[in-house]
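As provided, coords.tsv (TSV, C-alpha atoms) reads as follows.
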```tsv
chain	number	residue	atom	x	y	z
L	1	MET	CA	24.70	-64.90	-61.56
L	2	MET	CA	23.30	-61.41	-61.05
L	3	ILE	CA	25.13	-58.68	-62.88
L	4	VAL	CA	25.05	-55.24	-61.28
L	5	PRO	CA	25.01	-52.43	-63.80
L	6	HIS	CA	28.18	-50.38	-63.85
L	7	GLN	CA	26.41	-47.18	-62.83
L	8	GLU	CA	25.00	-48.85	-59.67
L	9	ARG	CA	28.25	-50.43	-58.43
L	10	GLY	CA	29.32	-47.25	-56.64
L	11	GLY	CA	26.05	-47.09	-54.71
L	12	VAL	CA	26.35	-50.72	-53.65
L	13	LEU	CA	29.94	-50.16	-52.47
L	14	LEU	CA	28.89	-47.12	-50.49
L	15	LEU	CA	26.07	-49.10	-48.87
L	16	VAL	CA	28.49	-51.89	-47.92
L	17	LEU	CA	30.84	-49.35	-46.35
L	18	TRP	CA	28.00	-47.78	-44.35
L	19	VAL	CA	26.83	-51.18	-43.09
L	20	THR	CA	30.41	-52.12	-42.16
L	21	ALA	CA	30.88	-48.84	-40.28
L	22	ALA	CA	27.57	-49.29	-38.42
L	23	LEU	CA	28.47	-52.85	-37.41
L	24	SER	CA	31.91	-51.68	-36.25
L	25	PHE	CA	30.32	-48.93	-34.17
L	26	VAL	CA	27.88	-51.40	-32.58
L	27	ALA	CA	30.74	-53.80	-31.84
L	28	LEU	CA	32.86	-51.01	-30.32
L	29	SER	CA	29.96	-49.73	-28.21
L	30	THR	CA	29.22	-53.24	-26.98
L	31	ALA	CA	32.88	-53.80	-26.12
L	32	MET	CA	33.07	-50.51	-24.21
L	33	MET	CA	29.83	-51.32	-22.38
L	34	VAL	CA	31.11	-54.74	-21.40
L	35	ARG	CA	34.44	-53.28	-20.30
L	36	THR	CA	32.69	-50.61	-18.20
L	37	GLU	CA	30.41	-53.19	-16.60
L	38	VAL	CA	33.36	-55.47	-15.81
L	39	ALA	CA	35.23	-52.56	-14.23
L	40	ALA	CA	32.15	-51.52	-12.24
L	41	THR	CA	31.62	-55.08	-11.05
L	42	ALA	CA	35.26	-55.35	-10.01
L	43	TYR	CA	34.99	-52.07	-8.08
L	44	ARG	CA	31.80	-53.19	-6.35
L	45	LEU	CA	33.55	-56.41	-5.36
L	46	GLU	CA	36.54	-54.47	-4.01
L	47	ALA	CA	34.23	-52.09	-2.15
L	48	GLU	CA	32.39	-55.00	-0.54
L	49	GLN	CA	35.71	-56.60	0.42
L	50	ALA	CA	36.81	-53.29	1.96
L	51	ARG	CA	33.56	-53.04	3.90
L	52	LEU	CA	33.92	-56.60	5.23
L	53	LEU	CA	37.53	-55.89	6.25
L	54	ALA	CA	36.35	-52.82	8.17
L	55	GLN	CA	33.56	-54.81	9.81
L	56	GLY	CA	35.97	-57.57	10.82
L	57	ALA	CA	38.36	-54.97	12.22
L	58	ILE	CA	35.61	-53.50	14.43
L	59	GLU	CA	34.70	-56.96	15.72
L	60	GLN	CA	38.35	-57.85	16.41
L	61	THR	CA	39.01	-54.54	18.14
L	62	LEU	CA	35.95	-54.94	20.33
L	63	TYR	CA	37.19	-58.41	21.34
L	64	LEU	CA	40.67	-57.07	22.12
L	65	MET	CA	39.20	-54.26	24.22
L	66	LYS	CA	37.32	-56.86	26.24
L	67	HIS	CA	40.46	-59.05	26.57
L	68	PRO	CA	43.36	-56.53	26.73
L	69	GLY	CA	45.99	-59.10	27.73
L	70	ILE	CA	46.20	-60.93	24.38
L	71	VAL	CA	49.66	-60.92	22.78
L	72	ASP	CA	50.89	-61.72	19.27
L	73	ALA	CA	53.43	-64.37	18.21
L	74	GLU	CA	56.27	-62.10	19.32
L	75	GLY	CA	54.79	-61.49	22.74
L	76	GLN	CA	53.62	-57.95	22.03
L	77	LEU	CA	50.29	-56.78	23.40
L	78	LEU	CA	47.75	-56.41	20.61
L	79	TYR	CA	45.82	-53.81	22.58
L	80	MET	CA	46.58	-51.65	25.60
L	81	PRO	CA	43.84	-49.79	27.53
L	82	GLY	CA	43.81	-46.21	26.35
L	83	GLN	CA	45.17	-47.08	22.91
L	84	ARG	CA	43.43	-45.01	20.27
L	85	ARG	CA	44.45	-46.68	17.01
L	86	LEU	CA	44.93	-50.25	15.82
L	87	ASP	CA	46.40	-51.34	12.50
L	88	LEU	CA	45.28	-54.86	11.66
L	89	ALA	CA	46.47	-57.20	8.91
L	90	PHE	CA	44.27	-59.86	7.33
L	91	GLU	CA	44.92	-62.43	4.63
L	92	THR	CA	42.88	-60.44	2.12
L	93	GLY	CA	43.91	-56.92	3.11
L	94	GLN	CA	44.38	-54.50	5.95
L	95	ALA	CA	42.33	-52.25	8.18
L	96	SER	CA	42.85	-49.47	10.69
L	97	VAL	CA	40.57	-48.65	13.62
L	98	VAL	CA	40.33	-45.33	15.47
L	99	ILE	CA	38.90	-45.62	19.00
L	100	THR	CA	37.31	-42.48	20.43
L	101	PRO	CA	35.33	-41.90	23.62
L	102	GLU	CA	32.02	-40.25	22.78
L	103	ALA	CA	32.74	-37.96	25.74
L	104	ALA	CA	35.39	-36.33	23.52
L	105	ARG	CA	32.49	-34.77	21.61
L	106	MET	CA	30.04	-32.15	22.84
L	107	ASN	CA	26.79	-33.62	24.16
L	108	VAL	CA	23.97	-31.88	22.31
L	109	ASN	CA	21.50	-32.91	25.02
L	110	THR	CA	23.31	-31.40	28.01
L	111	GLU	CA	25.66	-28.65	26.81
L	112	GLN	CA	24.80	-25.07	27.67
L	113	SER	CA	23.79	-22.58	25.01
L	114	GLU	CA	27.03	-20.58	25.32
L	115	ARG	CA	29.20	-23.57	24.43
L	116	LEU	CA	26.89	-24.52	21.56
L	117	GLN	CA	27.25	-20.97	20.25
L	118	ALA	CA	31.04	-21.20	20.51
L	119	LEU	CA	31.01	-24.42	18.48
L	120	LEU	CA	28.74	-22.90	15.84
L	121	ARG	CA	31.04	-19.89	15.51
L	122	ALA	CA	34.00	-22.25	15.23
L	123	VAL	CA	32.45	-23.90	12.16
L	124	GLY	CA	31.86	-20.56	10.47
L	125	VAL	CA	28.39	-19.45	11.60
L	126	ALA	CA	27.94	-15.71	12.16
L	127	ASP	CA	27.38	-14.54	15.76
L	128	GLN	CA	23.69	-13.66	15.50
L	129	GLN	CA	22.83	-16.84	13.60
L	130	ALA	CA	24.89	-18.94	16.04
L	131	THR	CA	22.84	-17.56	18.93
L	132	GLU	CA	19.56	-18.32	17.15
L	133	ILE	CA	20.58	-21.89	16.21
L	134	ALA	CA	21.84	-22.61	19.75
L	135	ASP	CA	18.53	-21.33	21.17
L	136	ALA	CA	16.65	-23.51	18.67
L	137	ILE	CA	18.65	-26.58	19.77
L	138	VAL	CA	17.90	-25.90	23.43
L	139	ASP	CA	14.22	-25.34	22.58
L	140	TRP	CA	14.03	-28.66	20.71
L	141	ARG	CA	15.33	-30.66	23.67
L	142	SER	CA	13.38	-28.75	26.36
L	143	PRO	CA	9.88	-29.77	27.51
L	144	SER	CA	7.10	-27.55	26.18
L	145	THR	CA	5.49	-25.34	28.82
L	146	SER	CA	2.66	-24.00	26.67
L	147	ASP	CA	-0.15	-25.42	24.56
L	148	VAL	CA	0.48	-22.66	22.04
L	149	GLY	CA	4.10	-23.67	21.58
L	150	THR	CA	7.28	-21.66	21.32
L	151	VAL	CA	8.36	-19.15	18.69
L	152	PHE	CA	10.26	-21.98	17.03
L	153	ASP	CA	7.12	-24.14	16.94
L	154	MET	CA	5.40	-21.28	15.13
L	155	PHE	CA	8.22	-21.24	12.57
L	156	TYR	CA	8.01	-25.00	12.00
L	157	SER	CA	4.20	-24.91	11.72
L	158	ALA	CA	4.44	-22.30	8.93
L	159	LEU	CA	6.66	-24.47	6.74
L	160	PRO	CA	5.24	-26.10	3.57
L	161	GLN	CA	5.44	-29.42	5.42
L	162	PRO	CA	4.79	-28.32	9.03
L	163	TYR	CA	5.92	-30.07	12.20
L	164	ARG	CA	6.67	-29.24	15.82
L	165	ALA	CA	9.83	-29.57	17.83
L	166	ALA	CA	10.10	-32.85	19.75
L	167	HIS	CA	10.63	-31.06	23.11
L	168	ARG	CA	12.65	-33.99	24.42
L	169	ARG	CA	16.27	-35.03	24.27
L	170	PHE	CA	17.78	-35.80	20.88
L	171	GLU	CA	17.83	-39.54	20.26
L	172	ARG	CA	19.85	-39.34	17.02
L	173	LEU	CA	22.07	-36.52	15.77
L	174	GLU	CA	20.21	-36.51	12.45
L	175	GLU	CA	17.29	-34.88	14.27
L	176	LEU	CA	19.36	-31.69	14.17
L	177	LEU	CA	18.52	-31.40	10.47
L	178	LEU	CA	14.98	-30.49	11.58
L	179	VAL	CA	16.18	-27.65	13.80
L	180	LYS	CA	15.81	-24.11	12.46
L	181	GLY	CA	18.99	-22.85	10.82
L	182	ILE	CA	20.81	-26.19	10.50
L	183	THR	CA	21.47	-26.99	6.85
L	184	PRO	CA	22.88	-30.25	5.43
L	185	GLU	CA	26.20	-28.47	4.74
L	186	LEU	CA	26.42	-27.22	8.32
L	187	PHE	CA	25.53	-30.66	9.65
L	188	TYR	CA	27.72	-32.83	7.37
L	189	GLY	CA	30.53	-30.36	6.68
L	190	TRP	CA	32.62	-29.71	3.58
L	191	LEU	CA	36.09	-30.50	2.26
L	192	GLU	CA	39.07	-28.13	2.26
L	193	ARG	CA	42.86	-28.40	2.36
L	194	ASP	CA	44.79	-28.03	5.61
L	195	ARG	CA	48.12	-26.25	5.96
L	196	GLU	CA	49.93	-29.39	4.79
L	197	GLY	CA	47.88	-29.54	1.59
L	198	ARG	CA	45.80	-32.55	2.61
L	199	LEU	CA	42.08	-32.67	1.89
L	200	VAL	CA	40.22	-32.69	5.22
L	201	ARG	CA	36.59	-32.40	6.24
L	202	ARG	CA	35.61	-29.20	8.02
L	203	GLY	CA	32.55	-27.63	9.51
L	204	GLY	CA	30.39	-30.64	10.24
L	205	LEU	CA	28.47	-30.40	13.49
L	206	ARG	CA	28.09	-34.14	13.11
L	207	ARG	CA	31.81	-34.57	13.83
L	208	ALA	CA	31.75	-32.57	17.02
L	209	LEU	CA	28.45	-33.52	18.66
L	210	THR	CA	27.05	-36.64	20.30
L	211	VAL	CA	23.85	-37.78	21.99
L	212	TYR	CA	25.75	-40.12	24.33
L	213	GLY	CA	27.80	-39.64	27.45
L	214	TYR	CA	28.22	-36.66	29.71
L	215	ARG	CA	29.24	-33.03	29.46
L	216	GLY	CA	32.98	-33.16	29.99
L	217	PRO	CA	36.23	-31.41	29.09
L	218	VAL	CA	37.73	-31.15	25.63
L	219	SER	CA	40.40	-33.77	24.96
L	220	LEU	CA	43.58	-32.59	23.22
L	221	ASN	CA	44.21	-36.13	21.96
L	222	GLU	CA	40.69	-37.12	20.95
L	223	SER	CA	38.31	-34.21	20.40
L	224	PRO	CA	37.73	-33.08	16.80
L	225	TYR	CA	39.31	-29.96	15.34
L	226	GLU	CA	36.02	-28.01	15.46
L	227	LEU	CA	35.67	-28.60	19.20
L	228	LEU	CA	39.27	-27.52	19.83
L	229	LEU	CA	38.61	-24.36	17.82
L	230	SER	CA	35.56	-23.59	19.96
L	231	LEU	CA	37.68	-23.24	23.11
L	232	PRO	CA	37.94	-19.72	24.55
L	233	GLY	CA	40.86	-17.83	23.00
L	234	MET	CA	41.72	-20.65	20.56
L	235	ASP	CA	42.59	-19.84	16.94
L	236	ALA	CA	42.72	-21.98	13.80
L	237	GLU	CA	46.53	-22.12	13.65
L	238	ARG	CA	46.88	-23.53	17.16
L	239	ALA	CA	43.98	-25.96	16.73
L	240	GLN	CA	45.48	-27.27	13.48
L	241	ALA	CA	48.89	-27.64	15.13
L	242	ILE	CA	47.35	-29.69	17.95
L	243	VAL	CA	45.63	-32.02	15.48
L	244	ALA	CA	48.78	-32.37	13.34
L	245	GLY	CA	50.93	-33.11	16.39
L	246	ARG	CA	48.71	-35.83	17.83
L	247	ARG	CA	48.50	-37.45	14.38
L	248	GLU	CA	52.24	-38.10	14.63
L	249	LYS	CA	52.24	-39.18	18.28
L	250	PRO	CA	49.66	-38.97	21.09
L	251	TYR	CA	50.43	-36.42	23.77
L	252	LYS	CA	51.64	-37.96	27.03
L	253	THR	CA	52.14	-34.69	28.94
L	254	MET	CA	51.22	-31.07	28.39
L	255	ASP	CA	54.85	-30.43	27.47
L	256	ASP	CA	54.30	-32.56	24.35
L	257	VAL	CA	51.65	-30.16	23.02
L	258	PRO	CA	53.34	-28.13	20.25
L	259	VAL	CA	51.59	-24.84	21.06
L	260	THR	CA	50.83	-22.82	24.14
L	261	LEU	CA	47.16	-23.01	25.05
L	262	PRO	CA	45.25	-19.79	25.73
L	263	LEU	CA	45.03	-19.19	29.45
L	264	GLU	CA	41.23	-18.97	29.33
L	265	ALA	CA	41.03	-22.39	27.66
L	266	SER	CA	43.22	-24.30	30.14
L	267	SER	CA	40.37	-25.12	32.52
L	268	TYR	CA	38.36	-26.72	29.69
L	269	VAL	CA	40.91	-29.27	28.47
L	270	VAL	CA	42.48	-32.60	29.41
L	271	LEU	CA	45.07	-34.67	27.57
L	272	SER	CA	42.94	-37.81	27.19
L	273	LEU	CA	39.72	-39.33	28.42
L	274	PRO	CA	39.37	-42.73	30.13
L	275	ASP	CA	37.89	-45.79	28.42
L	276	ILE	CA	34.55	-45.41	30.13
L	277	GLY	CA	31.20	-44.45	28.76
L	278	HIS	CA	30.20	-44.87	25.15
L	279	MET	CA	33.01	-45.61	22.70
L	280	ARG	CA	33.10	-45.02	18.95
L	281	LEU	CA	35.07	-47.37	16.69
L	282	THR	CA	35.69	-46.10	13.15
L	283	ALA	CA	37.31	-48.68	10.88
L	284	THR	CA	38.71	-48.31	7.37
L	285	GLY	CA	39.35	-51.44	5.30
L	286	GLN	CA	41.47	-51.78	2.16
L	287	PRO	CA	41.79	-55.01	0.14
L	288	ALA	CA	45.32	-56.10	-0.76
L	289	GLY	CA	46.61	-54.75	-4.05
L	290	THR	CA	43.88	-52.13	-4.44
L	291	ALA	CA	43.34	-48.47	-3.65
L	292	THR	CA	39.70	-49.06	-2.70
L	293	ARG	CA	38.75	-48.20	0.87
L	294	ALA	CA	35.55	-48.27	2.89
L	295	SER	CA	34.86	-46.93	6.38
L	296	LEU	CA	32.35	-48.04	8.99
L	297	SER	CA	31.56	-46.48	12.34
L	298	ALA	CA	29.97	-48.06	15.39
L	299	VAL	CA	29.11	-46.75	18.85
L	300	PHE	CA	29.05	-49.15	21.80
L	301	SER	CA	27.49	-48.66	25.22
L	302	PRO	CA	29.61	-48.61	28.41
L	303	GLN	CA	30.90	-51.87	29.82
L	304	THR	CA	29.47	-52.45	33.28
L	305	GLY	CA	30.96	-55.30	35.26
L	306	ALA	CA	30.51	-58.55	33.38
L	307	GLN	CA	28.02	-56.93	31.02
L	308	PRO	CA	29.75	-56.49	27.63
L	309	ARG	CA	29.48	-53.39	25.49
L	310	ARG	CA	26.33	-53.27	23.39
L	311	LEU	CA	26.03	-51.87	19.87
L	312	VAL	CA	23.83	-48.75	19.93
L	313	GLU	CA	24.66	-47.12	16.58
L	314	TRP	CA	25.98	-48.36	13.24
L	315	GLU	CA	26.98	-46.18	10.30
L	316	GLN	CA	27.45	-48.10	7.06
L	317	GLU	CA	29.19	-45.35	5.08
L	318	ALA	CA	31.29	-43.39	7.54
L	319	ILE	CA	33.96	-40.73	7.11
L	320	ALA	CA	37.43	-42.01	7.95
L	321	GLU	CA	38.85	-40.55	11.13
L	322	GLU	CA	42.32	-39.02	11.38
```

Written as structure tokens, that's how I'd like the structure from this file.
Amino acid sequence: MMIVPHQERGGVLLLVLWVTAALSFVALSTAMMVRTEVAATAYRLEAEQARLLAQGAIEQTLYLMKHPGIVDAEGQLLYMPGQRRLDLAFETGQASVVITPEAARMNVNTEQSERLQALLRAVGVADQQATEIADAIVDWRSPSTSDVGTVFDMFYSALPQPYRAAHRRFERLEELLLVKGITPELFYGWLERDREGRLVRRGGLRRALTVYGYRGPVSLNESPYELLLSLPGMDAERAQAIVAGRREKPYKTMDDVPVTLPLEASSYVVLSLPDIGHMRLTATGQPAGTATRASLSAVFSPQTGAQPRRLVEWEQEAIAEE
């Protein structure tokens, strides 16, 4: 048996304590790492379940829109033409779907410069800059009439990574990010609290514009807040009141609208738009027993006769609608 000298016993004890502490730290770190990885895996599973619920809700809603006469076990219609929201229950969770005609947005390919300027001012762009951005949008979608190019082409060609405007209609809204003056914040928007204290997305041109459909009126039931605010004579308080009111119950008549519209805006608005043209379905899924949610958005072409709607755009990580 080895005998440790008395004067060295303290050093050995200290070494044992240090080794024990190091092993404990390694064990604790490993346990925390495993716990974090388990939690992350569980969240990823919940997120995938939420995404699949949203995808299933879009597919079911599209089927119900094609067959509007289907009823549930109690004889209630599952979908009525013109209905703008469906709440669906599944065995593994729930999902809600917001149905919006693309005509409720402003068509970036056909709208006049003055209305584009009004929208830009509504999302917080100064007057002079709004005029320049609107002119740049019109320039991008207009055919080039000169080999030299436009003043905007000269700007793009002087950039570190030069390019020229397409000089054709916008095929995807994301092309706007190439237009002079349009920043990611202006395009995607930002978050702020509304008058009821809820966190809402504001400012995104992406919410208010479309490349589909026709140039039509602004819908009090379906058009986004930014488009309502762009109406002549409209102010933020009235636009917010319109959005808050339709969230509780869709407007059936003009008497249901909680505010008086500016006289100069009355010729630009309708209560609702028909179920024709391109339609956007935005679904949010939530697995049972969780707070995890995921939203998907899909745009479908018009239904013509026996020809069903066709998927023309799919957004995997969408922003939930109202």

Give me the residues near segment 48-62 of chain L as number ranges by chain, where near means some atom within 8 Å (using only C-alpha atoms) and where sequence neighbours in that chain fewer than 5 positions away do not count.
L: 86, 88, 90, 93-97, 281-287, 292-296, 298

Generate the output file for the selected residues, C-alpha atoms, as a PDB file, in the coordinates of the input.
```pdb
ATOM      1  CA  LEU L  86      44.930 -50.250  15.820  1.00  0.00           C
ATOM      2  CA  LEU L  88      45.280 -54.860  11.660  1.00  0.00           C
ATOM      3  CA  PHE L  90      44.270 -59.860   7.330  1.00  0.00           C
ATOM      4  CA  GLY L  93      43.910 -56.920   3.110  1.00  0.00           C
ATOM      5  CA  GLN L  94      44.380 -54.500   5.950  1.00  0.00           C
ATOM      6  CA  ALA L  95      42.330 -52.250   8.180  1.00  0.00           C
ATOM      7  CA  SER L  96      42.850 -49.470  10.690  1.00  0.00           C
ATOM      8  CA  VAL L  97      40.570 -48.650  13.620  1.00  0.00           C
ATOM      9  CA  LEU L 281      35.070 -47.370  16.690  1.00  0.00           C
ATOM     10  CA  THR L 282      35.690 -46.100  13.150  1.00  0.00           C
ATOM     11  CA  ALA L 283      37.310 -48.680  10.880  1.00  0.00           C
ATOM     12  CA  THR L 284      38.710 -48.310   7.370  1.00  0.00           C
ATOM     13  CA  GLY L 285      39.350 -51.440   5.300  1.00  0.00           C
ATOM     14  CA  GLN L 286      41.470 -51.780   2.160  1.00  0.00           C
ATOM     15  CA  PRO L 287      41.790 -55.010   0.140  1.00  0.00           C
ATOM     16  CA  THR L 292      39.700 -49.060  -2.700  1.00  0.00           C
ATOM     17  CA  ARG L 293      38.750 -48.200   0.870  1.00  0.00           C
ATOM     18  CA  ALA L 294      35.550 -48.270   2.890  1.00  0.00           C
ATOM     19  CA  SER L 295      34.860 -46.930   6.380  1.00  0.00           C
ATOM     20  CA  LEU L 296      32.350 -48.040   8.990  1.00  0.00           C
ATOM     21  CA  ALA L 298      29.970 -48.060  15.390  1.00  0.00           C
TER      22      ALA L 298
END
```

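Here atom CA of Arg206 of chain L is placed at a distance of 10.9 Å from atom CA of Glu175 of chain L.
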
Within 8 Å of segment 168-170 of chain L, counting only C-alpha atoms, which residues show up once you throw out same-chain ones fewer than 4 positions away? Write them as JSON, numbers by chain, please.
{"L": [108, 109, 140, 141, 142, 143, 175, 211]}

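When all atoms listed in the file are used to measure the gap to Trp314 of chain L, the shortest distance among L:Asp235, L:Tyr43, L:Arg172, L:Pro274 belongs to L:Arg172.
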
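Considering the residues L:Glu111, L:Asp275, L:Asp194, L:Glu248 and counting all atoms listed in the file, Tyr225 of chain L has its shortest atom-to-atom contact with L:Asp194.
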
Which value, in Å to one decimal, gives the distance between atom CA of Glu102 of chain L and atom CA of His278 of chain L?
5.5 Å

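Rounded to one decimal, atom CA of Gln240 of chain L and atom CA of Val200 of chain L lie 11.2 Å from each other.
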
Give me, as a PDB file with C-alpha atoms, keeping the file's coordinate frame, all polymer residues having an atom no more than 7 Å from segment 252-259 of chain L, counting only C-alpha atoms and skipping those fewer than 3 positions away in the same chain.
```pdb
ATOM      1  CA  ARG L 238      46.880 -23.530  17.160  1.00  0.00           C
ATOM      2  CA  ALA L 241      48.890 -27.640  15.130  1.00  0.00           C
ATOM      3  CA  ILE L 242      47.350 -29.690  17.950  1.00  0.00           C
ATOM      4  CA  GLY L 245      50.930 -33.110  16.390  1.00  0.00           C
TER       5      GLY L 245
END
```

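For the choices L:Thr20, L:Thr210, L:Gln76, L:Thr145, the atom-to-atom distance to Met279 of chain L is smallest for L:Thr210 when using all atoms listed in the file.
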
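With distances restricted to only C-alpha atoms, L:Ala104 is the closest residue to Val269 of chain L from L:Leu186, L:Ala104, L:Tyr214, L:Arg164.
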
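If you measure from each of L:Met33, L:Met80, L:Val218, L:Phe300 to Arg115 of chain L using only C-alpha atoms, the closest one turns out to be L:Val218.
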
Non-local contacts of Glu226 of chain L (10 Å; only C-alpha atoms; under 3 positions in same chain excluded) as a ChimeraX atom specification:
/L:105,118-124,202-205,207-209,223,229-231,236,239-240

Name all residues at most 10 Å from Glu264 of chain L (count only C-alpha atoms; drop same-chain ones fewer than 2 positions away) and give them as a PyMOL selection string.
chain L and resi 231-234+261-262+266-268

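Distance check against Ile99 of chain L using all atoms listed in the file: of L:Arg215, L:Arg35, L:His67, L:Arg280, the minimum falls on L:Arg280.
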
Repair of segment 40-62 of chain L at the level of N, CA and C atoms, as a PDB file, keeping the file's coordinate frame:
```pdb
ATOM      1  N   ALA L  40      33.074 -51.874 -13.313  1.00  0.00           N
ATOM      2  CA  ALA L  40      32.150 -51.520 -12.240  1.00  0.00           C
ATOM      3  C   ALA L  40      31.927 -52.698 -11.294  1.00  0.00           C
ATOM      4  N   THR L  41      31.800 -53.885 -11.872  1.00  0.00           N
ATOM      5  CA  THR L  41      31.620 -55.080 -11.050  1.00  0.00           C
ATOM      6  C   THR L  41      32.833 -55.339 -10.177  1.00  0.00           C
ATOM      7  N   ALA L  42      34.020 -55.153 -10.768  1.00  0.00           N
ATOM      8  CA  ALA L  42      35.260 -55.350 -10.010  1.00  0.00           C
ATOM      9  C   ALA L  42      35.348 -54.347  -8.862  1.00  0.00           C
ATOM     10  N   TYR L  43      34.944 -53.085  -9.140  1.00  0.00           N
ATOM     11  CA  TYR L  43      34.990 -52.070  -8.080  1.00  0.00           C
ATOM     12  C   TYR L  43      34.002 -52.403  -6.974  1.00  0.00           C
ATOM     13  N   ARG L  44      32.791 -52.826  -7.366  1.00  0.00           N
ATOM     14  CA  ARG L  44      31.800 -53.190  -6.350  1.00  0.00           C
ATOM     15  C   ARG L  44      32.297 -54.342  -5.491  1.00  0.00           C
ATOM     16  N   LEU L  45      32.981 -55.294  -6.109  1.00  0.00           N
ATOM     17  CA  LEU L  45      33.550 -56.410  -5.360  1.00  0.00           C
ATOM     18  C   LEU L  45      34.615 -55.919  -4.389  1.00  0.00           C
ATOM     19  N   GLU L  46      35.495 -55.027  -4.876  1.00  0.00           N
ATOM     20  CA  GLU L  46      36.540 -54.470  -4.010  1.00  0.00           C
ATOM     21  C   GLU L  46      35.927 -53.670  -2.864  1.00  0.00           C
ATOM     22  N   ALA L  47      34.877 -52.883  -3.177  1.00  0.00           N
ATOM     23  CA  ALA L  47      34.230 -52.090  -2.150  1.00  0.00           C
ATOM     24  C   ALA L  47      33.589 -52.963  -1.079  1.00  0.00           C
ATOM     25  N   GLU L  48      32.982 -54.079  -1.500  1.00  0.00           N
ATOM     26  CA  GLU L  48      32.390 -55.000  -0.540  1.00  0.00           C
ATOM     27  C   GLU L  48      33.467 -55.678   0.300  1.00  0.00           C
ATOM     28  N   GLN L  49      34.592 -56.025  -0.334  1.00  0.00           N
ATOM     29  CA  GLN L  49      35.710 -56.600   0.420  1.00  0.00           C
ATOM     30  C   GLN L  49      36.230 -55.601   1.446  1.00  0.00           C
ATOM     31  N   ALA L  50      36.342 -54.322   1.040  1.00  0.00           N
ATOM     32  CA  ALA L  50      36.810 -53.290   1.960  1.00  0.00           C
ATOM     33  C   ALA L  50      35.850 -53.124   3.135  1.00  0.00           C
ATOM     34  N   ARG L  51      34.553 -53.167   2.848  1.00  0.00           N
ATOM     35  CA  ARG L  51      33.560 -53.040   3.900  1.00  0.00           C
ATOM     36  C   ARG L  51      33.639 -54.212   4.886  1.00  0.00           C
ATOM     37  N   LEU L  52      33.811 -55.423   4.358  1.00  0.00           N
ATOM     38  CA  LEU L  52      33.920 -56.600   5.230  1.00  0.00           C
ATOM     39  C   LEU L  52      35.194 -56.557   6.063  1.00  0.00           C
ATOM     40  N   LEU L  53      36.290 -56.046   5.482  1.00  0.00           N
ATOM     41  CA  LEU L  53      37.530 -55.890   6.250  1.00  0.00           C
ATOM     42  C   LEU L  53      37.306 -54.913   7.406  1.00  0.00           C
ATOM     43  N   ALA L  54      36.619 -53.803   7.127  1.00  0.00           N
ATOM     44  CA  ALA L  54      36.350 -52.820   8.170  1.00  0.00           C
ATOM     45  C   ALA L  54      35.452 -53.422   9.257  1.00  0.00           C
ATOM     46  N   GLN L  55      34.447 -54.186   8.844  1.00  0.00           N
ATOM     47  CA  GLN L  55      33.560 -54.810   9.810  1.00  0.00           C
ATOM     48  C   GLN L  55      34.311 -55.819  10.679  1.00  0.00           C
ATOM     49  N   GLY L  56      35.166 -56.623  10.051  1.00  0.00           N
ATOM     50  CA  GLY L  56      35.970 -57.570  10.820  1.00  0.00           C
ATOM     51  C   GLY L  56      36.911 -56.876  11.779  1.00  0.00           C
ATOM     52  N   ALA L  57      37.442 -55.716  11.357  1.00  0.00           N
ATOM     53  CA  ALA L  57      38.360 -54.970  12.220  1.00  0.00           C
ATOM     54  C   ALA L  57      37.634 -54.438  13.452  1.00  0.00           C
ATOM     55  N   ILE L  58      36.392 -53.976  13.275  1.00  0.00           N
ATOM     56  CA  ILE L  58      35.610 -53.500  14.430  1.00  0.00           C
ATOM     57  C   ILE L  58      35.353 -54.656  15.392  1.00  0.00           C
ATOM     58  N   GLU L  59      34.979 -55.811  14.860  1.00  0.00           N
ATOM     59  CA  GLU L  59      34.700 -56.960  15.720  1.00  0.00           C
ATOM     60  C   GLU L  59      35.955 -57.412  16.462  1.00  0.00           C
ATOM     61  N   GLN L  60      37.104 -57.423  15.759  1.00  0.00           N
ATOM     62  CA  GLN L  60      38.350 -57.850  16.410  1.00  0.00           C
ATOM     63  C   GLN L  60      38.777 -56.842  17.474  1.00  0.00           C
ATOM     64  N   THR L  61      38.634 -55.559  17.169  1.00  0.00           N
ATOM     65  CA  THR L  61      39.010 -54.540  18.140  1.00  0.00           C
ATOM     66  C   THR L  61      38.146 -54.615  19.385  1.00  0.00           C
ATOM     67  N   LEU L  62      36.853 -54.825  19.194  1.00  0.00           N
ATOM     68  CA  LEU L  62      35.950 -54.940  20.330  1.00  0.00           C
ATOM     69  C   LEU L  62      36.347 -56.126  21.214  1.00  0.00           C
TER      70      LEU L  62
END
```
